[in-house]
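Trainee: Here it is: the structure, laid out below.
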Amino acid sequence: MIRAIVTDIEGTTTDIRFVHQVLFPYARQRLAEFLRHQHEEPEVAAALNALRAGIDRPQASVEALIEQLFTYMDNDVKSTPLKVLQGIIWRTGYENGDFRGHLYADVAPQLEAWKADGLQLCVYSSGSVDAQKLLFGYSDAGDLTPLFSGYFDTRVGAKRETESYQNIAEQLILPPADLLFLSDIRQELDAARLAGWHTCQLIRDDADELSDHLQVNRFDQIALETFL
Ligand SMILES: CSCCC(=O)C(=O)COP(=O)(O)O
Ligand SMILES: [Mg+2]
């Protein structure tokens, strides 16, 4: 029986174009100046030191780290330090009202219905936990953060790694067979299935993604009794 639903964001609850055409450019335009001015702020300094450790360059200058981060952004690398820094920059955008978190129209009503039915709702995205809370906190449908009881990002592991889903199940203290993962990416769903989870693939555009996962176009097409 499904007791918790864990959802991806980009391409699942949220249009990929919002992430790639609004959020990513917003952070990219501000990253260099932000780091030149804020690099001594504790949260920023910690992310930069984690980046230095990750590239094995403990003495790397801020300018060198800026270059590295731009390379990561050019290639959409899911670097945890990059995701932390993007999340800090996005906070300003949400708080200033520069944008709201995009959600497909079917998402909020269905999340609310699942919550009312007693299901635990969680998020798993490569975006930082802070970025996830901002997107749902400043969403098109208002503040949806009260619906969620857990948030997971790359600190639990990469999304295409089976161990990540084993880690999440352990943290939720639930058997994998009670967990349902919603994502648009077949490889993420494959990893979750190998960890014993139920899976459902969101096809949000007319892509004919071939996979053997249950496929739906909207959250309200998901019948939980399907997953016994
Ligand atoms: C929380 S919105 C920003 C999502 C993000 O930064 C990202 O890289 C999404 O990556 P994913 O692997 O979860 O599609
Ligand atoms: Mg996705």
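By convention here, the chains of the structure tokens are called A, B, ... in the order presented, each chain's residues are numbered starting at 1, and ligands are numbered starting at 1 in the order presented.
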Which polymer residues have any atom within 12 Å of an atom of range 57-71 of chain A, counting only C-alpha atoms, with same-chain residues fewer than 2 positions away left out, as a ChimeraX atom specification?
Mentor: /A:24-25,27-40,44-45,47-55,73-86
Trainee: Would you kindly return, as a list in words, each protein, DNA or RNA residue with an atom no farther than 9 Å from any atom of Ile185 in chain A, considering only C-alpha atoms and excluding same-chain residues fewer than 6 positions away?
Mentor: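 Counting only C-alpha atoms, the residues come to Gly11, Thr12, Gln201, Leu202 and Glu209 of chain A.
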Trainee: Take the residues that were just selected and, keeping N, CA, C and O atoms, output them as a PDB file, in the first residue's frame.
Mentor:
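Written output follows (result31.pdb):
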ATOM      1  N   GLY A  11      10.006  18.963 -14.965  1.00  0.00           N
ATOM      2  CA  GLY A  11       9.381  18.057 -15.926  1.00  0.00           C
ATOM      3  C   GLY A  11       8.285  17.214 -15.326  1.00  0.00           C
ATOM      4  O   GLY A  11       7.624  16.452 -16.051  1.00  0.00           O
ATOM      5  N   THR A  12       8.076  17.335 -14.024  1.00  0.00           N
ATOM      6  CA  THR A  12       7.066  16.497 -13.346  1.00  0.00           C
ATOM      7  C   THR A  12       5.977  17.371 -12.722  1.00  0.00           C
ATOM      8  O   THR A  12       4.848  17.368 -13.161  1.00  0.00           O
ATOM      9  N   GLN A 201       5.705   7.439 -14.498  1.00  0.00           N
ATOM     10  CA  GLN A 201       6.399   8.418 -15.333  1.00  0.00           C
ATOM     11  C   GLN A 201       5.434   9.479 -15.831  1.00  0.00           C
ATOM     12  O   GLN A 201       4.370   9.152 -16.390  1.00  0.00           O
ATOM     13  N   LEU A 202       5.772  10.733 -15.590  1.00  0.00           N
ATOM     14  CA  LEU A 202       4.966  11.863 -16.085  1.00  0.00           C
ATOM     15  C   LEU A 202       5.440  12.213 -17.490  1.00  0.00           C
ATOM     16  O   LEU A 202       6.628  12.506 -17.697  1.00  0.00           O
ATOM     17  N   GLU A 209       8.337   9.220 -24.904  1.00  0.00           N
ATOM     18  CA  GLU A 209       9.397   8.528 -24.164  1.00  0.00           C
ATOM     19  C   GLU A 209       9.032   7.052 -24.005  1.00  0.00           C
ATOM     20  O   GLU A 209       8.001   6.713 -23.438  1.00  0.00           O
TER      21      GLU A 209
END
Trainee: Around ligand 2, at most 10 Å away and counting only C-alpha atoms and all ligand atoms, which residues are there? Put them as a ChimeraX atom specification, please.
Mentor: /A:7-16,124-126,159,182-186,188,201-202
Trainee: List the neighbours of Leu174 in chain A out to 9 Å using only C-alpha atoms; skip same-chain residues closer than 6 positions along the sequence, and give me the result as a list of chain:residue names.
Mentor: A:Arg3, A:Ala4, A:Ile168
Trainee: DSSP says helix (DSSP H, G or I) for which residues of range 63-110 of chain A? Put them as a PyMOL selection string?
Mentor: chain A and resi 63-74+80-96+107-110
Trainee: Just asking: which residues within range 30-139 of chain A are strand (DSSP E or B) according to DSSP, as a list of chain:residue names?
Mentor: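 In range 30-139 of chain A, DSSP puts these residues in strand (DSSP E or B): A:Gly101, A:Gln120, A:Leu121, A:Cys122, A:Val123, A:Tyr124, A:Ser139.
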Trainee: Could you write out the selected residues, including all heavy atoms, as a CSV table (one decimal), in the first residue's frame?
Mentor:
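Resulting contents of out37.csv:
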chain,number,residue,atom,x,y,z
A,101,GLY,N,7.0,30.0,-8.5
A,101,GLY,CA,7.3,28.7,-8.9
A,101,GLY,C,6.2,28.1,-9.8
A,101,GLY,O,5.0,28.0,-9.4
A,120,GLN,N,1.9,10.7,3.0
A,120,GLN,CA,3.1,11.6,3.2
A,120,GLN,C,3.5,12.0,1.8
A,120,GLN,O,3.6,11.2,0.9
A,120,GLN,CB,4.3,10.8,3.8
A,120,GLN,CG,4.3,10.7,5.3
A,120,GLN,CD,5.7,10.2,5.8
A,120,GLN,OE1,6.7,10.9,5.6
A,120,GLN,NE2,5.7,9.0,6.3
A,121,LEU,N,3.8,13.3,1.7
A,121,LEU,CA,4.3,13.9,0.4
A,121,LEU,C,5.7,14.4,0.6
A,121,LEU,O,6.0,15.1,1.6
A,121,LEU,CB,3.4,15.0,0.0
A,121,LEU,CG,1.9,14.6,-0.3
A,121,LEU,CD1,1.1,15.8,-0.6
A,121,LEU,CD2,1.8,13.5,-1.3
A,122,CYS,N,6.6,14.0,-0.3
A,122,CYS,CA,8.0,14.5,-0.3
A,122,CYS,C,8.4,14.9,-1.7
A,122,CYS,O,7.8,14.6,-2.7
A,122,CYS,CB,8.9,13.3,0.2
A,122,CYS,SG,8.5,12.7,1.9
A,123,VAL,N,9.6,15.6,-1.7
A,123,VAL,CA,10.2,16.0,-2.9
A,123,VAL,C,11.6,15.4,-3.0
A,123,VAL,O,12.3,15.3,-2.0
A,123,VAL,CB,10.3,17.6,-3.0
A,123,VAL,CG1,10.8,18.0,-4.3
A,123,VAL,CG2,8.9,18.2,-2.7
A,124,TYR,N,12.0,15.0,-4.3
A,124,TYR,CA,13.3,14.7,-4.5
A,124,TYR,C,13.8,15.3,-5.8
A,124,TYR,O,13.2,15.0,-6.9
A,124,TYR,CB,13.5,13.1,-4.6
A,124,TYR,CG,14.9,12.7,-4.9
A,124,TYR,CD1,16.1,13.4,-4.5
A,124,TYR,CD2,15.2,11.4,-5.5
A,124,TYR,CE1,17.4,12.9,-4.7
A,124,TYR,CE2,16.5,11.0,-5.7
A,124,TYR,CZ,17.6,11.7,-5.3
A,124,TYR,OH,18.8,11.2,-5.5
A,139,SER,N,4.7,29.4,-5.0
A,139,SER,CA,4.3,28.7,-6.2
A,139,SER,C,3.1,29.5,-6.8
A,139,SER,O,2.4,30.3,-6.2
A,139,SER,CB,3.8,27.3,-6.0
A,139,SER,OG,2.5,27.2,-5.5
Trainee: Measuring atom to atom with only C-alpha atoms and all ligand atoms, identify which of A:Ala105, A:Ala131, A:Ala191, A:Ile173 is nearest to ligand 1.
Mentor: A:Ala131
Trainee: Residues near Ser164 in chain A, anyone? I mean within 10 Å using only C-alpha atoms, not counting same-chain ones fewer than 5 positions away, as a list in words.
Mentor: Tyr124, Phe152, Asp153, Thr154, Arg155, Val156, Gly157, Ala158, Lys159, Ala169, Glu170, Ala191, Ala192 and Ala195 of chain A
Trainee: Please provide as a list in words all residues within 10 Å of Trp114 in chain A, with the sequence filter that same-chain residues fewer than 3 positions apart are discarded (counting only C-alpha atoms).
Mentor: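 Counting only C-alpha atoms, the residues come to Arg3, Ala4, Ile5, Ala108, Pro109, Gln110, Leu111, Asp117, Gly118, Leu119, Gln120, Leu121, Leu147 and Leu224 of chain A.
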Trainee: The selected residues should be written to file as an mmCIF file, in the first residue's frame (atoms: all heavy atoms).
Mentor:
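Listed below is the output, result21.cif:
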data_model
loop_
_atom_site.group_PDB
_atom_site.id
_atom_site.type_symbol
_atom_site.label_atom_id
_atom_site.label_comp_id
_atom_site.auth_asym_id
_atom_site.auth_seq_id
_atom_site.Cartn_x
_atom_site.Cartn_y
_atom_site.Cartn_z
ATOM 1 N N ARG A 3 2.186 4.578 1.049
ATOM 2 C CA ARG A 3 2.075 5.467 2.202
ATOM 3 C C ARG A 3 2.759 6.810 1.993
ATOM 4 O O ARG A 3 2.441 7.787 2.689
ATOM 5 C CB ARG A 3 2.704 4.794 3.440
ATOM 6 C CG ARG A 3 2.035 3.499 3.853
ATOM 7 C CD ARG A 3 2.718 2.901 5.077
ATOM 8 N NE ARG A 3 2.239 1.558 5.353
ATOM 9 C CZ ARG A 3 1.097 1.307 5.985
ATOM 10 N NH1 ARG A 3 0.361 2.343 6.396
ATOM 11 N NH2 ARG A 3 0.706 0.058 6.214
ATOM 12 N N ALA A 4 3.669 6.871 1.000
ATOM 13 C CA ALA A 4 4.344 8.136 0.715
ATOM 14 C C ALA A 4 4.576 8.274 -0.777
ATOM 15 O O ALA A 4 4.930 7.289 -1.445
ATOM 16 C CB ALA A 4 5.671 8.215 1.456
ATOM 17 N N ILE A 5 4.354 9.478 -1.266
ATOM 18 C CA ILE A 5 4.638 9.801 -2.663
ATOM 19 C C ILE A 5 5.783 10.792 -2.685
ATOM 20 O O ILE A 5 5.738 11.828 -1.999
ATOM 21 C CB ILE A 5 3.398 10.397 -3.353
ATOM 22 C CG1 ILE A 5 2.263 9.364 -3.392
ATOM 23 C CG2 ILE A 5 3.745 10.869 -4.778
ATOM 24 C CD1 ILE A 5 0.954 9.893 -3.929
ATOM 25 N N ALA A 108 -1.333 20.965 -7.696
ATOM 26 C CA ALA A 108 -1.773 21.381 -6.353
ATOM 27 C C ALA A 108 -3.041 20.660 -5.907
ATOM 28 O O ALA A 108 -3.063 20.087 -4.808
ATOM 29 C CB ALA A 108 -1.970 22.898 -6.312
ATOM 30 N N PRO A 109 -4.088 20.593 -6.746
ATOM 31 C CA PRO A 109 -5.299 19.891 -6.283
ATOM 32 C C PRO A 109 -5.044 18.423 -5.928
ATOM 33 O O PRO A 109 -5.576 17.914 -4.942
ATOM 34 C CB PRO A 109 -6.255 20.009 -7.480
ATOM 35 C CG PRO A 109 -5.767 21.179 -8.270
ATOM 36 C CD PRO A 109 -4.275 21.213 -8.068
ATOM 37 N N GLN A 110 -4.211 17.778 -6.715
ATOM 38 C CA GLN A 110 -3.978 16.342 -6.453
ATOM 39 C C GLN A 110 -3.100 16.135 -5.227
ATOM 40 O O GLN A 110 -3.336 15.212 -4.423
ATOM 41 C CB GLN A 110 -3.361 15.673 -7.680
ATOM 42 C CG GLN A 110 -3.287 14.161 -7.575
ATOM 43 C CD GLN A 110 -4.663 13.538 -7.366
ATOM 44 O OE1 GLN A 110 -5.568 13.742 -8.160
ATOM 45 N NE2 GLN A 110 -4.837 12.815 -6.257
ATOM 46 N N LEU A 111 -2.097 17.003 -5.053
ATOM 47 C CA LEU A 111 -1.278 16.918 -3.834
ATOM 48 C C LEU A 111 -2.150 17.116 -2.607
ATOM 49 O O LEU A 111 -2.042 16.388 -1.618
ATOM 50 C CB LEU A 111 -0.170 17.966 -3.874
ATOM 51 C CG LEU A 111 0.975 17.767 -4.875
ATOM 52 C CD1 LEU A 111 1.913 18.981 -4.846
ATOM 53 C CD2 LEU A 111 1.741 16.480 -4.589
ATOM 54 N N ASP A 117 -5.927 12.398 2.154
ATOM 55 C CA ASP A 117 -6.113 10.950 2.303
ATOM 56 C C ASP A 117 -5.060 10.321 3.224
ATOM 57 O O ASP A 117 -4.997 9.102 3.362
ATOM 58 C CB ASP A 117 -6.035 10.274 0.912
ATOM 59 C CG ASP A 117 -7.277 10.540 0.072
ATOM 60 O OD1 ASP A 117 -8.303 10.965 0.656
ATOM 61 O OD2 ASP A 117 -7.206 10.368 -1.167
ATOM 62 N N GLY A 118 -4.212 11.176 3.800
ATOM 63 C CA GLY A 118 -3.256 10.674 4.798
ATOM 64 C C GLY A 118 -1.916 10.236 4.257
ATOM 65 O O GLY A 118 -1.105 9.638 4.973
ATOM 66 N N LEU A 119 -1.666 10.530 2.987
ATOM 67 C CA LEU A 119 -0.363 10.154 2.409
ATOM 68 C C LEU A 119 0.708 11.158 2.819
ATOM 69 O O LEU A 119 0.438 12.344 2.974
ATOM 70 C CB LEU A 119 -0.468 10.113 0.880
ATOM 71 C CG LEU A 119 -1.243 8.904 0.350
ATOM 72 C CD1 LEU A 119 -1.969 9.259 -0.938
ATOM 73 C CD2 LEU A 119 -0.334 7.728 0.130
ATOM 74 N N GLN A 120 1.939 10.663 3.017
ATOM 75 C CA GLN A 120 3.088 11.554 3.193
ATOM 76 C C GLN A 120 3.523 12.036 1.810
ATOM 77 O O GLN A 120 3.562 11.229 0.859
ATOM 78 C CB GLN A 120 4.272 10.788 3.810
ATOM 79 C CG GLN A 120 4.325 10.743 5.322
ATOM 80 C CD GLN A 120 5.687 10.229 5.779
ATOM 81 O OE1 GLN A 120 6.692 10.943 5.626
ATOM 82 N NE2 GLN A 120 5.727 9.019 6.287
ATOM 83 N N LEU A 121 3.841 13.301 1.689
ATOM 84 C CA LEU A 121 4.309 13.860 0.415
ATOM 85 C C LEU A 121 5.718 14.400 0.600
ATOM 86 O O LEU A 121 5.992 15.133 1.566
ATOM 87 C CB LEU A 121 3.372 14.980 -0.049
ATOM 88 C CG LEU A 121 1.905 14.593 -0.262
ATOM 89 C CD1 LEU A 121 1.090 15.823 -0.638
ATOM 90 C CD2 LEU A 121 1.764 13.493 -1.303
ATOM 91 N N LEU A 147 2.120 21.022 2.763
ATOM 92 C CA LEU A 147 1.720 19.683 2.284
ATOM 93 C C LEU A 147 2.853 18.665 2.411
ATOM 94 O O LEU A 147 2.614 17.459 2.438
ATOM 95 C CB LEU A 147 1.282 19.760 0.819
ATOM 96 C CG LEU A 147 0.058 20.618 0.494
ATOM 97 C CD1 LEU A 147 -0.190 20.622 -1.017
ATOM 98 C CD2 LEU A 147 -1.183 20.115 1.238
ATOM 99 N N LEU A 224 -3.860 5.183 -7.187
ATOM 100 C CA LEU A 224 -2.923 4.547 -6.242
ATOM 101 C C LEU A 224 -3.240 3.064 -6.041
ATOM 102 O O LEU A 224 -2.350 2.275 -5.711
ATOM 103 C CB LEU A 224 -2.942 5.293 -4.907
ATOM 104 C CG LEU A 224 -2.442 6.742 -4.965
ATOM 105 C CD1 LEU A 224 -2.431 7.352 -3.575
ATOM 106 C CD2 LEU A 224 -1.057 6.831 -5.598
#
Trainee: Rank A:Ala116, A:Ala46, A:Ala223, A:Leu135 by their smallest atom-to-atom distance to ligand 1, using only C-alpha atoms and all ligand atoms, and report the top residue only.
Mentor: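 Smallest separation from ligand 1 among the options: A:Leu135.
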Trainee: Take CA of Ala141 in chain A and CA of His198 in chain A and report the distance between them in Å, one decimal.
Mentor: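 Result for CA of Ala141 in chain A versus CA of His198 in chain A: 27.2 Å, one decimal.
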